[in-house]
$ cat target30.txt   # compact mmCIF, C-alpha atoms and all ligand atoms
# COMPACT_ATOMS: atom_id res chain seq x y z
CA MET I 1 24.95 21.51 9.75
CA LYS I 2 27.01 18.71 11.23
CA ARG I 3 25.70 15.52 9.68
CA ARG I 4 24.51 12.94 12.15
CA SER I 5 26.49 9.75 12.38
CA TYR I 6 24.71 6.48 11.75
CA GLN I 7 27.90 4.41 11.95
CA LYS I 8 26.87 2.13 14.83
CA SER I 9 23.59 1.37 13.08
CA LYS I 10 25.53 0.61 9.91
CA ASP I 11 27.86 -1.76 11.80
CA LEU I 12 24.89 -3.50 13.42
CA LEU I 13 23.18 -3.79 10.05
CA ASP I 14 26.27 -5.52 8.68
CA ARG I 15 26.24 -7.90 11.65
CA ALA I 16 22.47 -8.45 11.39
CA SER I 17 22.80 -9.26 7.70
CA GLN I 18 24.76 -12.39 8.63
CA VAL I 19 21.79 -13.79 10.52
CA LEU I 20 18.62 -11.89 9.56
CA ALA I 21 17.68 -12.09 5.89
CA GLY I 22 18.42 -8.63 4.53
CA GLY I 23 19.36 -7.51 8.05
CA VAL I 24 15.77 -6.74 9.06
CA SER I 25 12.59 -8.39 10.32
CA SER I 26 10.13 -6.52 8.09
CA GLU I 27 10.79 -5.35 4.54
CA PHE I 28 9.68 -1.77 5.23
CA ARG I 29 12.40 -1.30 7.88
CA LYS I 30 15.04 -1.35 5.15
CA TYR I 31 13.81 1.89 3.69
CA ASN I 32 14.89 4.16 6.50
CA HIS I 33 17.39 6.96 5.92
CA PRO I 34 20.22 6.30 5.21
CA HIS I 35 19.67 2.55 5.88
CA ALA I 36 17.92 0.45 8.52
CA ILE I 37 18.43 2.10 11.92
CA PHE I 38 18.85 0.29 15.23
CA TYR I 39 17.08 1.89 18.16
CA THR I 40 17.77 1.68 21.88
CA HIS I 41 14.65 3.11 23.49
CA GLY I 42 11.63 5.32 23.11
CA GLU I 43 9.83 7.60 25.52
CA GLY I 44 6.77 9.72 24.84
CA THR I 45 7.24 11.42 21.48
CA ARG I 46 10.98 10.66 21.29
CA ILE I 47 12.93 7.66 20.06
CA TYR I 48 16.70 7.17 20.35
CA ASP I 49 19.13 5.19 18.20
CA VAL I 50 22.37 3.33 18.96
CA ASP I 51 24.44 6.29 17.70
CA GLY I 52 22.89 8.49 20.38
CA ASN I 53 20.64 10.36 17.93
CA ALA I 54 17.26 11.49 19.27
CA TYR I 55 14.20 11.86 17.04
CA LEU I 56 10.87 13.57 17.47
CA ASP I 57 8.75 10.71 16.21
CA PHE I 58 5.89 11.14 13.74
CA THR I 59 6.05 7.53 12.53
CA LEU I 60 4.71 6.17 15.85
CA SER I 61 6.28 2.91 14.69
CA GLN I 62 4.05 2.82 11.55
CA GLY I 63 1.02 3.92 13.56
CA PRO I 64 0.55 1.75 16.65
CA LEU I 65 2.00 4.10 19.27
CA ILE I 66 -1.04 6.32 19.58
CA VAL I 67 -0.20 7.13 23.22
CA GLY I 68 3.52 7.46 22.49
CA HIS I 69 6.51 5.32 23.33
CA SER I 70 6.63 3.48 26.66
CA HIS I 71 3.46 4.96 28.12
CA PRO I 72 3.78 4.18 31.85
CA ARG I 73 0.19 2.98 32.18
CA VAL I 74 0.55 0.58 29.27
CA LEU I 75 3.85 -0.80 30.57
CA GLU I 76 2.46 -1.15 34.08
CA ALA I 77 -0.65 -2.98 32.87
CA VAL I 78 1.47 -5.37 30.80
CA GLU I 79 3.81 -6.05 33.70
CA ASN I 80 1.02 -6.58 36.21
CA TYR I 81 -1.06 -8.87 34.05
CA SER I 82 1.96 -10.84 32.85
CA LYS I 83 2.65 -11.81 36.45
CA ASP I 84 -0.44 -14.03 36.24
CA GLY I 85 0.94 -15.83 33.19
CA GLN I 86 1.61 -15.20 29.51
CA LEU I 87 -0.71 -17.38 27.51
CA PHE I 88 -3.28 -19.87 28.70
CA ALA I 89 -4.37 -21.44 25.40
CA GLY I 90 -7.72 -20.99 27.04
CA GLN I 91 -9.98 -18.07 27.83
CA HIS I 92 -9.49 -15.37 30.45
CA ILE I 93 -11.65 -12.60 31.85
CA LYS I 94 -9.74 -9.64 30.50
CA GLU I 95 -10.37 -10.63 26.89
CA ILE I 96 -14.11 -10.45 27.58
CA GLU I 97 -13.57 -7.00 29.10
CA LEU I 98 -11.68 -5.94 25.98
CA ALA I 99 -14.34 -7.32 23.65
CA GLU I 100 -17.10 -5.63 25.70
CA LYS I 101 -15.22 -2.36 25.46
CA LEU I 102 -14.82 -2.63 21.68
CA GLN I 103 -18.46 -3.62 21.32
CA GLN I 104 -19.41 -0.42 23.16
CA LEU I 105 -17.10 1.76 21.08
CA ILE I 106 -17.31 0.44 17.50
CA PRO I 107 -20.69 0.69 15.74
CA SER I 108 -20.42 -2.59 13.77
CA ALA I 109 -18.80 -4.65 16.54
CA GLU I 110 -21.67 -6.93 17.49
CA LEU I 111 -19.28 -9.89 17.69
CA MET I 112 -15.54 -10.20 17.22
CA ARG I 113 -12.50 -12.47 17.24
CA PHE I 114 -8.97 -11.44 18.14
CA CYS I 115 -5.91 -12.25 16.01
CA LEU I 116 -2.30 -11.09 15.98
CA ASP I 117 -2.05 -8.54 13.18
CA GLY I 118 -3.89 -6.75 10.43
CA SER I 119 -2.87 -9.10 7.61
CA GLU I 120 -4.37 -12.10 9.36
CA ALA I 121 -7.59 -10.33 10.30
CA VAL I 122 -8.08 -9.20 6.67
CA GLN I 123 -7.92 -12.83 5.52
CA THR I 124 -10.41 -13.84 8.21
CA ALA I 125 -12.82 -11.22 6.87
CA PHE I 126 -12.50 -12.62 3.33
CA ARG I 127 -13.15 -16.12 4.58
CA ILE I 128 -16.32 -15.05 6.38
CA ALA I 129 -17.54 -13.11 3.34
CA ARG I 130 -16.95 -16.05 1.01
CA ALA I 131 -18.61 -18.52 3.35
CA LYS I 132 -21.73 -16.44 3.81
CA THR I 133 -22.23 -15.34 0.21
CA GLY I 134 -21.05 -18.50 -1.51
CA LYS I 135 -19.12 -16.23 -3.89
CA HIS I 136 -15.40 -16.02 -4.37
CA LYS I 137 -13.91 -12.63 -5.24
CA PHE I 138 -13.40 -9.36 -3.43
CA LEU I 139 -13.29 -5.92 -4.99
CA ARG I 140 -10.37 -3.83 -3.81
CA PHE I 141 -9.01 -0.43 -4.75
CA GLU I 142 -5.79 0.80 -6.35
CA GLY I 143 -3.24 2.11 -3.85
CA HIS I 144 -4.87 0.55 -0.80
CA TYR I 145 -2.78 -1.75 1.38
CA HIS I 146 -4.32 -4.73 3.13
CA GLY I 147 -1.20 -6.56 4.32
CA TRP I 148 1.46 -8.67 2.74
CA LEU I 149 -0.26 -12.03 2.20
CA ASP I 150 -0.74 -13.49 -1.27
CA ASN I 151 -4.13 -12.32 -2.48
CA VAL I 152 -3.56 -8.70 -1.40
CA ALA I 153 0.07 -8.42 -2.50
CA TRP I 154 -0.81 -7.43 -6.04
CA GLY I 155 -0.66 -4.01 -7.61
CA ILE I 156 0.75 -2.25 -4.56
CA SER I 157 3.46 -0.46 -6.48
CA THR I 158 3.74 0.01 -10.18
CA ALA I 159 6.44 1.53 -12.34
CA SER I 160 4.23 3.92 -14.26
CA VAL I 161 0.68 5.15 -14.44
CA GLU I 162 0.49 3.90 -18.03
CA ALA I 163 1.18 0.38 -16.79
CA LEU I 164 -2.05 0.53 -14.76
CA GLY I 165 -4.08 0.52 -17.97
CA ASN I 166 -7.79 1.28 -18.25
CA GLU I 167 -9.62 2.54 -15.19
CA ASP I 168 -12.45 0.08 -15.61
CA ASP I 169 -10.16 -2.94 -15.91
CA PRO I 170 -6.76 -2.07 -14.41
CA ASN I 171 -3.70 -4.26 -14.80
CA VAL I 172 -2.23 -5.67 -11.61
CA PHE I 173 1.34 -6.66 -10.92
CA PRO I 174 2.78 -8.93 -8.25
CA TRP I 175 4.47 -7.02 -5.42
CA SER I 176 6.56 -10.08 -4.61
CA ALA I 177 7.94 -13.12 -6.33
CA GLY I 178 6.51 -16.41 -5.14
CA LEU I 179 2.85 -15.40 -4.92
CA SER I 180 0.40 -18.13 -5.73
CA PRO I 181 -0.66 -17.39 -9.32
CA ASN I 182 -4.20 -18.38 -8.33
CA SER I 183 -4.32 -15.57 -5.77
CA LYS I 184 -4.70 -13.17 -8.70
CA ASP I 185 -8.12 -14.68 -9.32
CA ASP I 186 -9.30 -13.75 -5.84
CA PHE I 187 -10.01 -10.11 -6.61
CA ILE I 188 -10.84 -7.39 -9.04
CA VAL I 189 -9.35 -3.92 -8.65
CA LEU I 190 -10.67 -0.45 -9.44
CA PRO I 191 -9.54 3.13 -8.82
CA TRP I 192 -10.90 4.51 -5.53
CA ASN I 193 -13.45 7.27 -4.98
CA ASP I 194 -15.32 6.77 -8.26
CA LEU I 195 -18.75 5.57 -7.19
CA ALA I 196 -20.26 5.51 -10.68
CA LEU I 197 -17.46 3.20 -11.84
CA VAL I 198 -17.92 0.89 -8.85
CA GLU I 199 -21.68 0.80 -9.49
CA ARG I 200 -21.16 -0.12 -13.13
CA ILE I 201 -18.58 -2.84 -12.52
CA VAL I 202 -20.41 -4.37 -9.56
CA ALA I 203 -23.63 -4.46 -11.60
CA GLU I 204 -21.72 -6.59 -14.15
CA LYS I 205 -19.77 -8.77 -11.73
CA HIS I 206 -21.83 -9.07 -8.56
CA ASN I 207 -22.38 -12.79 -9.14
CA GLU I 208 -18.68 -13.33 -8.44
CA LEU I 209 -18.28 -10.81 -5.61
CA ALA I 210 -18.28 -11.78 -1.94
CA ALA I 211 -16.97 -8.47 -0.61
CA ILE I 212 -15.82 -4.94 -1.23
CA ILE I 213 -12.85 -4.03 0.94
CA THR I 214 -11.71 -0.45 1.42
CA GLU I 215 -9.55 1.65 3.67
CA PRO I 216 -12.15 4.26 4.71
CA ILE I 217 -9.43 6.88 4.23
CA MET I 218 -6.79 5.92 1.69
CA CYS I 219 -3.99 6.29 4.19
CA ASN I 220 -1.38 4.23 2.41
CA ASN I 221 -1.11 6.48 -0.64
CA GLY I 222 -1.73 10.19 -0.35
CA CYS I 223 -3.94 10.11 2.76
CA ILE I 224 -6.99 10.71 0.60
CA VAL I 225 -10.35 11.21 2.25
CA PRO I 226 -13.45 9.66 0.65
CA HIS I 227 -15.56 11.85 -1.60
CA GLU I 228 -18.83 12.93 -0.06
CA GLY I 229 -21.19 9.96 -0.28
CA PHE I 230 -18.59 7.45 -1.51
CA LEU I 231 -18.58 5.19 1.56
CA GLN I 232 -22.34 5.46 1.89
CA GLY I 233 -22.59 4.60 -1.80
CA LEU I 234 -20.51 1.45 -1.24
CA ARG I 235 -22.88 0.56 1.60
CA THR I 236 -25.87 0.89 -0.71
CA ILE I 237 -24.24 -1.19 -3.47
CA CYS I 238 -23.31 -3.95 -1.01
CA ASN I 239 -26.86 -4.01 0.37
CA ARG I 240 -28.28 -4.20 -3.13
CA TYR I 241 -26.27 -7.27 -4.13
CA GLY I 242 -25.78 -9.04 -0.79
CA ILE I 243 -22.03 -8.33 -0.75
CA ALA I 244 -20.02 -7.81 2.46
CA LEU I 245 -18.75 -4.28 3.00
CA ILE I 246 -15.38 -4.58 4.75
CA PHE I 247 -13.67 -1.54 6.26
CA ASP I 248 -9.97 -2.03 6.77
CA GLU I 249 -9.58 0.21 9.81
CA VAL I 250 -6.02 -0.89 10.55
CA ILE I 251 -4.92 2.76 10.33
CA THR I 252 -8.15 4.70 10.90
CA GLY I 253 -9.18 2.61 13.93
CA PHE I 254 -8.78 4.55 17.21
CA ARG I 255 -7.09 7.31 15.24
CA LEU I 256 -10.13 9.22 13.95
CA GLY I 257 -11.94 8.42 17.19
CA LEU I 258 -12.53 5.38 19.38
CA GLY I 259 -15.30 4.21 17.04
CA GLY I 260 -13.04 4.39 13.98
CA ALA I 261 -13.87 5.78 10.56
CA GLN I 262 -17.24 4.00 10.62
CA GLN I 263 -18.34 6.27 13.44
CA TYR I 264 -16.61 9.34 12.00
CA TYR I 265 -18.33 8.94 8.60
CA ASP I 266 -21.47 7.32 10.00
CA VAL I 267 -21.34 4.34 7.65
CA THR I 268 -21.58 0.90 9.22
CA PRO I 269 -19.71 -1.90 7.45
CA ASP I 270 -20.55 -5.59 7.80
CA LEU I 271 -17.03 -6.53 8.85
CA SER I 272 -14.03 -4.48 9.85
CA ILE I 273 -10.45 -4.90 10.88
CA PHE I 274 -8.74 -3.12 13.74
CA ALA I 275 -5.02 -3.52 14.47
CA LYS I 276 -2.11 -1.07 14.83
CA ALA I 277 -3.29 1.45 17.47
CA ILE I 278 -5.40 -1.05 19.38
CA ALA I 279 -2.62 -2.01 21.81
CA SER I 280 0.31 0.40 21.62
CA GLY I 281 2.57 -1.95 19.69
CA TYR I 282 1.61 -5.27 21.26
CA PRO I 283 0.51 -7.85 18.68
CA ILE I 284 -3.27 -7.96 18.71
CA SER I 285 -5.87 -7.24 16.06
CA ALA I 286 -9.62 -7.71 15.85
CA ILE I 287 -11.99 -8.81 13.16
CA VAL I 288 -15.30 -7.32 14.22
CA GLY I 289 -18.67 -7.50 12.54
CA LYS I 290 -22.38 -7.73 12.51
CA LYS I 291 -23.85 -10.88 14.01
CA GLU I 292 -25.28 -12.16 10.74
CA TRP I 293 -21.74 -12.29 9.26
CA MET I 294 -19.85 -13.34 12.40
CA GLU I 295 -22.38 -16.18 12.71
CA GLU I 296 -20.16 -18.03 10.22
CA ILE I 297 -17.52 -18.27 12.96
CA VAL I 298 -20.04 -18.93 15.74
CA SER I 299 -21.31 -21.95 13.83
CA ALA I 300 -17.69 -23.02 13.12
CA ARG I 301 -18.43 -23.21 9.42
CA VAL I 302 -15.58 -20.71 9.19
CA ILE I 303 -12.52 -21.69 11.14
CA HIS I 304 -10.46 -19.04 12.84
CA ALA I 305 -7.63 -20.00 15.20
CA GLY I 306 -4.23 -18.98 16.50
CA THR I 307 -2.00 -20.33 19.26
CA MET I 308 -0.84 -16.88 20.35
CA ASN I 309 -4.21 -15.09 20.24
CA THR I 310 -5.12 -12.94 23.27
CA SER I 311 -1.95 -13.45 25.28
CA ASN I 312 -2.04 -11.64 28.62
CA PRO I 313 0.36 -8.81 27.67
CA THR I 314 -1.50 -7.96 24.45
CA VAL I 315 -4.92 -7.80 26.10
CA ALA I 316 -3.60 -5.78 29.04
CA ALA I 317 -1.91 -3.36 26.62
CA ALA I 318 -5.12 -2.90 24.65
CA LEU I 319 -7.23 -2.22 27.74
CA ALA I 320 -4.65 0.25 29.06
CA THR I 321 -4.34 2.04 25.70
CA ILE I 322 -8.10 2.51 25.48
CA SER I 323 -8.26 3.71 29.05
CA VAL I 324 -5.53 6.31 28.39
CA LEU I 325 -7.37 7.50 25.27
CA GLU I 326 -10.66 7.66 27.18
CA GLN I 327 -9.36 9.47 30.25
CA ASP I 328 -9.80 12.85 28.59
CA SER I 329 -12.79 13.45 26.35
CA ASP I 330 -10.73 16.00 24.40
CA THR I 331 -7.97 13.56 23.36
CA HIS I 332 -9.08 13.04 19.77
CA ASN I 333 -10.06 16.70 19.26
CA ARG I 334 -6.57 17.60 20.44
CA MET I 335 -5.01 15.20 17.95
CA PHE I 336 -7.05 16.83 15.20
CA ARG I 337 -6.08 20.34 16.38
CA LEU I 338 -2.37 19.50 16.59
CA GLY I 339 -2.43 17.73 13.24
CA ASN I 340 -4.14 20.67 11.59
CA ARG I 341 -1.69 23.11 13.19
CA LEU I 342 1.15 21.07 11.68
CA ILE I 343 -0.59 20.87 8.29
CA SER I 344 -1.06 24.67 8.20
CA GLY I 345 2.51 25.25 9.38
CA LEU I 346 3.92 22.99 6.67
CA ARG I 347 1.81 24.68 3.99
CA GLU I 348 3.03 28.08 5.17
CA ALA I 349 6.65 26.84 5.22
CA ALA I 350 6.19 25.61 1.65
CA LYS I 351 4.89 29.04 0.62
CA GLN I 352 7.77 30.84 2.31
CA THR I 353 10.35 28.62 0.63
CA GLY I 354 8.68 28.43 -2.79
CA GLN I 355 8.40 24.64 -2.61
CA ASN I 356 5.50 22.74 -4.17
CA LEU I 357 4.96 20.76 -0.97
CA GLN I 358 1.37 19.53 -0.91
CA VAL I 359 -0.11 18.48 2.44
CA GLN I 360 -3.42 16.66 2.89
CA GLY I 361 -5.23 14.49 5.39
CA PRO I 362 -7.70 14.77 8.24
CA GLY I 363 -5.16 15.80 10.92
CA PRO I 364 -4.33 12.83 13.17
CA MET I 365 -2.60 11.51 10.06
CA PHE I 366 -1.70 13.35 6.90
CA ASN I 367 0.51 13.08 3.83
CA THR I 368 3.23 15.26 2.37
CA ALA I 369 4.13 15.14 -1.32
CA PHE I 370 5.86 17.37 -3.84
CA THR I 371 3.50 18.07 -6.70
CA SER I 372 1.86 20.85 -8.64
CA LEU I 373 -1.53 19.18 -8.10
CA SER I 374 -3.70 21.02 -5.59
CA ALA I 375 -4.98 17.67 -4.31
CA ILE I 376 -4.04 14.03 -4.75
CA LYS I 377 -7.39 12.45 -5.52
CA ASN I 378 -6.48 8.84 -6.25
CA TYR I 379 -3.57 6.44 -6.66
CA ARG I 380 -3.02 7.47 -10.28
CA ASP I 381 -2.35 11.06 -9.12
CA THR I 382 0.56 9.85 -6.97
CA PHE I 383 2.52 9.32 -10.21
CA GLN I 384 2.51 13.10 -10.59
CA THR I 385 4.51 13.58 -7.40
CA ASP I 386 8.27 14.06 -7.17
CA LYS I 387 9.53 11.07 -5.20
CA ILE I 388 13.16 12.22 -5.28
CA LYS I 389 12.31 15.53 -3.63
CA LEU I 390 10.24 13.67 -1.04
CA LYS I 391 13.20 11.45 -0.28
CA GLN I 392 15.40 14.52 0.21
CA PHE I 393 12.80 16.09 2.49
CA ILE I 394 12.39 12.99 4.67
CA ALA I 395 16.18 12.49 4.82
CA GLY I 396 16.73 16.16 5.71
CA LEU I 397 14.19 15.92 8.51
CA HIS I 398 15.77 12.71 9.75
CA ASP I 399 19.24 14.28 9.81
CA ARG I 400 17.77 17.03 12.01
CA GLY I 401 15.96 14.69 14.38
CA ILE I 402 12.44 14.45 12.94
CA ARG I 403 11.27 10.95 12.06
CA VAL I 404 8.57 10.63 9.38
CA ILE I 405 7.47 7.58 7.35
CA GLY I 406 9.40 7.47 4.07
CA ARG I 407 6.35 7.67 1.82
CA GLY I 408 5.48 11.02 3.43
CA LEU I 409 2.91 9.93 6.01
CA TRP I 410 2.85 11.67 9.42
CA TYR I 411 1.04 10.40 12.53
CA ILE I 412 0.08 12.52 15.55
CA SER I 413 -0.16 10.86 18.96
CA ALA I 414 -2.13 11.74 22.05
CA VAL I 415 1.11 12.88 23.71
CA HIS I 416 2.51 15.26 21.08
CA THR I 417 2.59 18.85 22.33
CA GLU I 418 2.25 22.24 20.65
CA GLU I 419 6.01 22.67 21.17
CA ASP I 420 6.64 19.43 19.26
CA ILE I 421 4.46 20.65 16.41
CA ASP I 422 6.09 24.08 16.23
CA HIS I 423 9.54 22.52 16.35
CA ALA I 424 8.61 20.21 13.45
CA ILE I 425 7.36 23.21 11.43
CA ASN I 426 10.58 25.17 12.03
CA VAL I 427 12.80 22.24 11.10
CA SER I 428 10.69 21.54 8.00
CA GLU I 429 11.13 25.11 6.84
CA THR I 430 14.91 24.81 7.23
CA VAL I 431 14.92 21.56 5.25
CA LEU I 432 12.63 22.93 2.54
CA LYS I 433 15.06 25.82 1.99
CA GLU I 434 17.78 23.30 1.18
CA ILE I 435 15.88 21.14 -1.28
CA GLU I 436 16.59 21.74 -4.93
N1 LIG F 1 -4.37 -2.84 6.37
C1 LIG F 1 -3.87 -1.60 6.37
C2 LIG F 1 -4.75 -0.44 5.98
C3 LIG F 1 -2.54 -1.38 6.75
O1 LIG F 1 -2.04 -0.14 6.72
C4 LIG F 1 -1.77 -2.50 7.15
C5 LIG F 1 -0.37 -2.31 7.55
O2 LIG F 1 0.23 -1.26 7.43
C6 LIG F 1 -2.35 -3.77 7.12
C7 LIG F 1 -3.66 -3.92 6.73
C8 LIG F 1 -1.56 -4.98 7.53
O3 LIG F 1 -1.41 -4.96 8.93
P1 LIG F 1 -0.18 -5.71 9.63
O4 LIG F 1 1.06 -5.02 9.20
O5 LIG F 1 -0.50 -5.56 11.10
O6 LIG F 1 -0.25 -7.14 9.18

$ encode --input "target30.txt" --output "structure tokens"
Amino acid sequence: MKRRSYQKSKDLLDRASQVLAGGVSSEFRKYNHPHAIFYTHGEGTRIYDVDGNAYLDFTLSQGPLIVGHSHPRVLEAVENYSKDGQLFAGQHIKEIELAEKLQQLIPSAELMRFCLDGSEAVQTAFRIARAKTGKHKFLRFEGHYHGWLDNVAWGISTASVEALGNEDDPNVFPWSAGLSPNSKDDFIVLPWNDLALVERIVAEKHNELAAIITEPIMCNNGCIVPHEGFLQGLRTICNRYGIALIFDEVITGFRLGLGGAQQYYDVTPDLSIFAKAIASGYPISAIVGKKEWMEEIVSARVIHAGTMNTSNPTVAAALATISVLEQDSDTHNRMFRLGNRLISGLREAAKQTGQNLQVQGPGPMFNTAFTSLSAIKNYRDTFQTDKIKLKQFIAGLHDRGIRVIGRGLWYISAVHTEEDIDHAINVSETVLKEIE
């Protein structure tokens, strides 16, 4: 195979490094293969780089592009509504329309506020939970990601499973230098999917706990679905002790269905966060919740603000994205079918090539890892996966025009086709044959 050239990207990265710290605008963009890549344009399921390489895209730009790149209806809506202005620093009708739509679609969305991204909305949820309960800490789970801000930037990656320590009192490590040391006191952490453990620890510590925050599916490590009854069990525990149940639906929102994981699993949280897929890549997120919790903002006891919130292009993009997703009642079923076709194809390719590729996830997103485990059940299991092989797999796919998130996560969009899926399976089989 003739290796693709990434020379122009490399030259641009050198130039960028003179002005952008590290050459990039988000840390994760560094970890592309073979280095940060510079792109020229995207259309549908394809994205193109400055070296003229085309990629069939399963990253969907880390999730947001649920209706693909440059969807004409999204672009048209943004253009049309931007003609009226960009940002009023005041209210406009379309943001009510968007909020009404979300209220209809999302079970817990009695009231909401819009922000710019997931990280910010997560912090808003903590503030509401603290204000209402008068307690300070949140319980979070190992391997879950809730953004890059101080009190959630602990324990995201760890050198070894041993370093994590006991399951009932895990050690946590800073993901970044410069975190406020006090932010470590904001939370306690436990392994995910172990309801008995959560029950025991919350029974001991409920006097300190304002909230339990969880990704309803652990998308950021292993794409692990919740054990039967786990989310419902969290609901019961939170009810028992007057603790806020927060679903971080930044990935699951719009992806499992328009009502998010809360509708899919039929468990209604008190507060939840929607971002990524809400607006096809335009910066808008929502903190939504039950009235009794959102009342903290209504009364202005809790302050939430933001100069750039609900700019015209972001609101127009969100309304257009929802309308594209809603135009066909089969859209989400199709995403599940295509995802499951790809999952089965990858498993078969692994069998044919004798590779220990393990594939798991609900379909619209799923994870690939190299491991002898039949299932990755929690963050601690991810230490039994071969990260070097995964890197070779992702790089091999990239060199043949398939773009997948480096940690092995694949996203399906509403515009992927069966041909795209079958092509990805064939290329994967070729790459798997080459991996040692
Ligand atoms: N929560 C989850 C589950 C995420 O996956 C992410 C980002 O990947 C965030 C929160 C942070 O969102 P953002 O990157 O929009 O700040």

$ atom_distance --input "target30.txt" --atom1 "CA of Leu20 in chain I" --atom2 "CA of Lys8 in chain I"
17.1 Å

$ closest_residue --input "target30.txt" --among "I:Lys290, I:Lys276, I:His416, I:Arg301" --to "ligand LIG 1 (chain F)" --atoms "all atoms listed in the file"
I:Lys276

$ atom_distance --input "target30.txt" --atom1 "CA of Gly134 in chain I" --atom2 "CA of Ala211 in chain I"
10.9 Å

$ residues_near_point --input "target30.txt" --point "(3.0, -3.5, -5.4)" --cutoff "8 Å" --atoms "all atoms listed in the file" --output "list in words"
Ala153, Trp154, Gly155, Ile156, Ser157, Thr158, Phe173, Pro174, Trp175 and Ser176 of chain I

$ closest_residue --input "target30.txt" --among "I:Ile201, I:Ile96, I:Leu432, I:Ala316" --to "Lys83 in chain I" --atoms "all atoms listed in the file"
I:Ala316

$ axis_aligned_box --input "target30.txt" --around "ligand LIG 1 (chain F)" --padding-each-side "5 Å" --output "lines of an AutoDock Vina configuration file"
center_x = -1.8
center_y = -3.6
center_z = 8.5
size_x = 15.8
size_y = 17.0
size_z = 15.1

$ atom_distance --input "target30.txt" --atom1 "CA of Phe393 in chain I" --atom2 "CA of Ile224 in chain I"
20.6 Å

$ closest_residue --input "target30.txt" --among "I:Asp186, I:Phe126, I:Gly401, I:Leu179" --to "Gly52 in chain I" --atoms "all atoms listed in the file"
I:Gly401

$ residues_near_ligand --input "target30.txt" --ligand "ligand LIG 1 (chain F)" --cutoff "10 Å" --atoms "all atoms listed in the file" --output "PyMOL selection string"
chain I and resi 26+28+62-64+115-123+144-149+152+214-221+247-253+273-277+281+283-285

$ closest_residue --input "target30.txt" --among "I:Gly222, I:Pro362, I:Pro107, I:Gly165" --to "Arg407 in chain I" --atoms "all atoms listed in the file"
I:Gly222

$ residues_around --input "target30.txt" --residues "Asp399 in chain I" --least-positions-apart "2" --cutoff "7 Å" --atoms "all atoms listed in the file" --output "PyMOL selection string"
chain I and resi 3-4+395-397+401

$ decode --input "target30.txt" --residues "range 32-45 of chain I" --atoms "N, CA and C atoms" --output "compact mmCIF listing (two decimals), in the first residue's frame"
# COMPACT_ATOMS: atom_id res chain seq x y z
N ASN I 32 -4.01 12.80 16.90
CA ASN I 32 -4.40 12.19 15.64
C ASN I 32 -3.23 11.38 15.12
N HIS I 33 -3.47 10.61 14.08
CA HIS I 33 -2.36 9.87 13.44
C HIS I 33 -1.97 10.60 12.16
N PRO I 34 -0.71 10.83 11.86
CA PRO I 34 0.46 10.60 12.72
C PRO I 34 0.76 11.80 13.61
N HIS I 35 -0.01 12.88 13.44
CA HIS I 35 0.10 14.11 14.25
C HIS I 35 -1.18 14.88 13.98
N ALA I 36 -1.31 16.07 14.55
CA ALA I 36 -2.53 16.85 14.28
C ALA I 36 -2.67 17.05 12.77
N ILE I 37 -3.90 16.89 12.28
CA ILE I 37 -4.17 17.00 10.84
C ILE I 37 -4.95 18.29 10.60
N PHE I 38 -4.67 18.93 9.49
CA PHE I 38 -5.41 20.14 9.10
C PHE I 38 -6.38 19.77 7.99
N TYR I 39 -7.62 20.14 8.18
CA TYR I 39 -8.67 19.75 7.23
C TYR I 39 -9.11 20.93 6.39
N THR I 40 -9.62 20.62 5.20
CA THR I 40 -10.10 21.70 4.33
C THR I 40 -11.62 21.78 4.32
N HIS I 41 -12.29 20.63 4.25
CA HIS I 41 -13.75 20.66 4.20
C HIS I 41 -14.33 19.28 4.51
N GLY I 42 -15.62 19.30 4.82
CA GLY I 42 -16.31 18.05 5.08
C GLY I 42 -17.65 18.08 4.39
N GLU I 43 -18.10 16.91 3.94
CA GLU I 43 -19.41 16.83 3.29
C GLU I 43 -20.01 15.47 3.57
N GLY I 44 -21.18 15.44 4.14
CA GLY I 44 -21.83 14.17 4.45
C GLY I 44 -20.98 13.33 5.39
N THR I 45 -20.61 12.12 4.93
CA THR I 45 -19.82 11.24 5.79
C THR I 45 -18.32 11.37 5.51
